[in-house]
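Shown below: coords_0.pdb, with PDB, C-alpha atoms, pLDDT in the B column.
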```
ATOM      1  CA  MET A   1      15.608  -3.162 -31.268  1.00 63.00           C
ATOM      2  CA  ILE A   2      13.472  -0.036 -30.888  1.00 70.00           C
ATOM      3  CA  LEU A   3      10.716  -1.998 -29.145  1.00 68.00           C
ATOM      4  CA  TYR A   4      13.286  -3.540 -26.837  1.00 70.00           C
ATOM      5  CA  LEU A   5      14.623  -0.113 -25.874  1.00 74.00           C
ATOM      6  CA  LEU A   6      11.092   1.244 -25.387  1.00 75.00           C
ATOM      7  CA  LEU A   7      10.152  -1.684 -23.146  1.00 74.00           C
ATOM      8  CA  LYS A   8      13.409  -1.302 -21.224  1.00 79.00           C
ATOM      9  CA  ALA A   9      12.697   2.416 -20.751  1.00 79.00           C
ATOM     10  CA  ILE A  10       9.151   1.647 -19.562  1.00 75.00           C
ATOM     11  CA  LEU A  11      10.460  -0.923 -17.093  1.00 76.00           C
ATOM     12  CA  TYR A  12      13.010   1.588 -15.800  1.00 79.00           C
ATOM     13  CA  ILE A  13      10.341   4.280 -15.400  1.00 78.00           C
ATOM     14  CA  LEU A  14       8.006   1.824 -13.638  1.00 74.00           C
ATOM     15  CA  GLY A  15      10.863   0.833 -11.341  1.00 76.00           C
ATOM     16  CA  VAL A  16      11.501   4.469 -10.425  1.00 77.00           C
ATOM     17  CA  VAL A  17       7.780   5.133  -9.874  1.00 76.00           C
ATOM     18  CA  SER A  18       7.402   1.998  -7.740  1.00 73.00           C
ATOM     19  CA  ALA A  19      10.440   2.991  -5.678  1.00 72.00           C
ATOM     20  CA  ILE A  20       8.955   6.448  -5.073  1.00 72.00           C
ATOM     21  CA  PHE A  21       5.446   5.258  -4.217  1.00 70.00           C
ATOM     22  CA  GLY A  22       6.720   2.189  -2.387  1.00 67.00           C
ATOM     23  CA  GLY A  23       8.366   4.509   0.118  1.00 66.00           C
ATOM     24  CA  LEU A  24       5.109   6.385   0.652  1.00 66.00           C
ATOM     25  CA  ILE A  25       2.869   3.361   1.201  1.00 64.00           C
ATOM     26  CA  PRO A  26       3.324   1.786   4.632  1.00 61.00           C
ATOM     27  CA  SER A  27       4.291  -1.825   5.091  1.00 60.00           C
ATOM     28  CA  PHE A  28       0.889  -3.524   5.094  1.00 60.00           C
ATOM     29  CA  PRO A  29       1.763  -6.782   6.931  1.00 69.00           C
ATOM     30  CA  ASP A  30       3.367  -4.910   9.841  1.00 70.00           C
ATOM     31  CA  VAL A  31       0.518  -2.424  10.058  1.00 68.00           C
ATOM     32  CA  ILE A  32      -2.138  -5.126   9.873  1.00 69.00           C
ATOM     33  CA  SER A  33      -0.432  -7.279  12.499  1.00 73.00           C
ATOM     34  CA  ASN A  34      -0.075  -4.263  14.803  1.00 76.00           C
ATOM     35  CA  ILE A  35      -3.766  -3.414  14.395  1.00 74.00           C
ATOM     36  CA  LEU A  36      -4.824  -7.014  15.059  1.00 73.00           C
ATOM     37  CA  THR A  37      -2.582  -7.191  18.122  1.00 77.00           C
ATOM     38  CA  THR A  38      -4.020  -3.948  19.447  1.00 77.00           C
ATOM     39  CA  ILE A  39      -7.602  -5.087  18.821  1.00 73.00           C
ATOM     40  CA  SER A  40      -7.000  -8.441  20.532  1.00 73.00           C
ATOM     41  CA  THR A  41      -5.364  -6.669  23.481  1.00 73.00           C
ATOM     42  CA  MET A  42      -8.362  -4.361  23.759  1.00 67.00           C
ATOM     43  CA  ILE A  43     -10.827  -7.269  23.603  1.00 66.00           C
ATOM     44  CA  ASN A  44      -8.851  -9.294  26.161  1.00 65.00           C
ATOM     45  CA  GLY A  45      -8.571  -6.247  28.395  1.00 62.00           C
ATOM     46  CA  GLY A  46     -12.331  -5.940  28.563  1.00 60.00           C
ATOM     47  CA  ILE A  47     -12.630  -2.595  26.768  1.00 57.00           C
ATOM     48  CA  THR A  48     -16.138  -2.059  25.436  1.00 60.00           C
ATOM     49  CA  PHE A  49     -16.869  -1.919  21.728  1.00 60.00           C
ATOM     50  CA  LEU A  50     -17.804   1.767  21.854  1.00 58.00           C
ATOM     51  CA  SER A  51     -14.464   2.812  23.308  1.00 63.00           C
ATOM     52  CA  TYR A  52     -12.732   1.130  20.347  1.00 61.00           C
ATOM     53  CA  PHE A  53     -13.760   4.076  18.176  1.00 64.00           C
ATOM     54  CA  PHE A  54     -12.085   6.518  20.558  1.00 70.00           C
ATOM     55  CA  TYR A  55      -8.775   4.651  20.825  1.00 71.00           C
ATOM     56  CA  VAL A  56      -6.624   7.074  18.833  1.00 73.00           C
ATOM     57  CA  PRO A  57      -3.742   4.806  17.643  1.00 78.00           C
ATOM     58  CA  VAL A  58      -6.165   2.293  16.116  1.00 74.00           C
ATOM     59  CA  VAL A  59      -8.236   4.999  14.434  1.00 76.00           C
ATOM     60  CA  VAL A  60      -5.090   6.621  13.011  1.00 79.00           C
ATOM     61  CA  ALA A  61      -3.810   3.250  11.775  1.00 80.00           C
ATOM     62  CA  LEU A  62      -7.121   2.422  10.073  1.00 80.00           C
ATOM     63  CA  ILE A  63      -7.297   5.847   8.412  1.00 83.00           C
ATOM     64  CA  SER A  64      -3.679   5.470   7.242  1.00 86.00           C
ATOM     65  CA  LEU A  65      -4.501   2.056   5.768  1.00 86.00           C
ATOM     66  CA  VAL A  66      -7.492   3.425   3.878  1.00 88.00           C
ATOM     67  CA  ILE A  67      -5.561   6.415   2.517  1.00 88.00           C
ATOM     68  CA  ALA A  68      -2.563   4.274   1.528  1.00 87.00           C
ATOM     69  CA  TRP A  69      -4.739   1.673  -0.197  1.00 88.00           C
ATOM     70  CA  HIS A  70      -6.687   4.349  -2.072  1.00 88.00           C
ATOM     71  CA  GLY A  71      -3.463   6.038  -3.210  1.00 87.00           C
ATOM     72  CA  PHE A  72      -2.031   2.704  -4.299  1.00 88.00           C
ATOM     73  CA  SER A  73      -5.156   1.826  -6.299  1.00 88.00           C
ATOM     74  CA  VAL A  74      -5.245   5.248  -7.996  1.00 88.00           C
ATOM     75  CA  VAL A  75      -1.574   5.024  -8.999  1.00 88.00           C
ATOM     76  CA  LYS A  76      -1.966   1.402 -10.141  1.00 88.00           C
ATOM     77  CA  ASP A  77      -5.013   2.244 -12.270  1.00 87.00           C
ATOM     78  CA  ALA A  78      -3.251   5.228 -13.827  1.00 88.00           C
ATOM     79  CA  LEU A  79      -0.155   3.192 -14.659  1.00 87.00           C
ATOM     80  CA  MET A  80      -2.231   0.373 -16.138  1.00 88.00           C
ATOM     81  CA  LYS A  81      -4.119   2.862 -18.321  1.00 87.00           C
ATOM     82  CA  VAL A  82      -0.837   4.333 -19.584  1.00 86.00           C
ATOM     83  CA  ILE A  83       0.608   0.900 -20.312  1.00 86.00           C
ATOM     84  CA  GLY A  84      -2.628  -0.225 -21.969  1.00 84.00           C
ATOM     85  CA  HIS A  85      -2.698   2.906 -24.099  1.00 81.00           C
ATOM     86  CA  PHE A  86       0.931   2.361 -25.103  1.00 79.00           C
ATOM     87  CA  LEU A  87       0.385  -1.296 -25.973  1.00 80.00           C
ATOM     88  CA  GLY A  88      -2.932  -0.528 -27.732  1.00 74.00           C
ATOM     89  CA  ASN A  89      -1.233   1.832 -30.107  1.00 67.00           C
TER      90      ASN A  89
END
```
Produce structure tokens that represent the structure in this file.
Amino acid sequence: MILYLLLKAILYILGVVSAIFGGLIPSFPDVISNILTTISTMINGGITFLSYFFYVPVVVALISLVIAWHGFSVVKDALMKVIGHFLGN
């Protein structure tokens, strides 16, 4: 019974943490599809490869993706270490 309550508490805490961080991390499929659409529009429009690096919305979207993915991986690794430590003991 105690283990059941501990596991239920851990699941509740993980649910709260995922709800908090889920709101911070952007929706990856929408962001990726928007980036691909923008890139294909730029290629079809005849914009040179060098000007791609100065197109501000794409640069901002790529930086946001990198930051969001890094934050997600850090939080995931930390949570897995906590769970592993709890289950190891």
For CA of Ser33 in chain A and CA of Ala61 in chain A, the interatomic separation in Å (one decimal):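 Rounded to one decimal, the two atoms are 11.1 Å apart.
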CA of Ser40 in chain A to CA of Val56 in chain A measures 15.6 Å
Closest of A:Leu14, A:Ala9, A:Val59, A:Ile67 to Leu79 in chain A - atom-to-atom distances counting only C-alpha atoms: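 Among the listed residues, A:Leu14 lies closest to Leu79 in chain A.
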Measure the distance from CA of Gly88 in chain A to CA of Ala19 in chain A in Å and round it to one decimal.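 Value for the CA of Gly88 in chain A-CA of Ala19 in chain A distance: 26.0 Å.
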Distance query Val17 in chain A at most 10 Å, all atoms listed in the file, self and fewer than 5 positions along chain excluded, as a PyMOL selection string: chain A and resi 11-12+22+75+79
So that I can check the surroundings of Pro57 in chain A, please list as a CSV table (one decimal) with C-alpha atoms, in the frame of the given file every protein, DNA and RNA residue that reaches within 9 Å of it, counting all atoms listed in the file and ignoring chain neighbours fewer than 4 positions away.
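The result, stored in out.csv:
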```csv
chain,number,residue,atom,x,y,z
A,35,ILE,CA,-3.8,-3.4,14.4
A,38,THR,CA,-4.0,-3.9,19.4
A,61,ALA,CA,-3.8,3.2,11.8
A,62,LEU,CA,-7.1,2.4,10.1
```
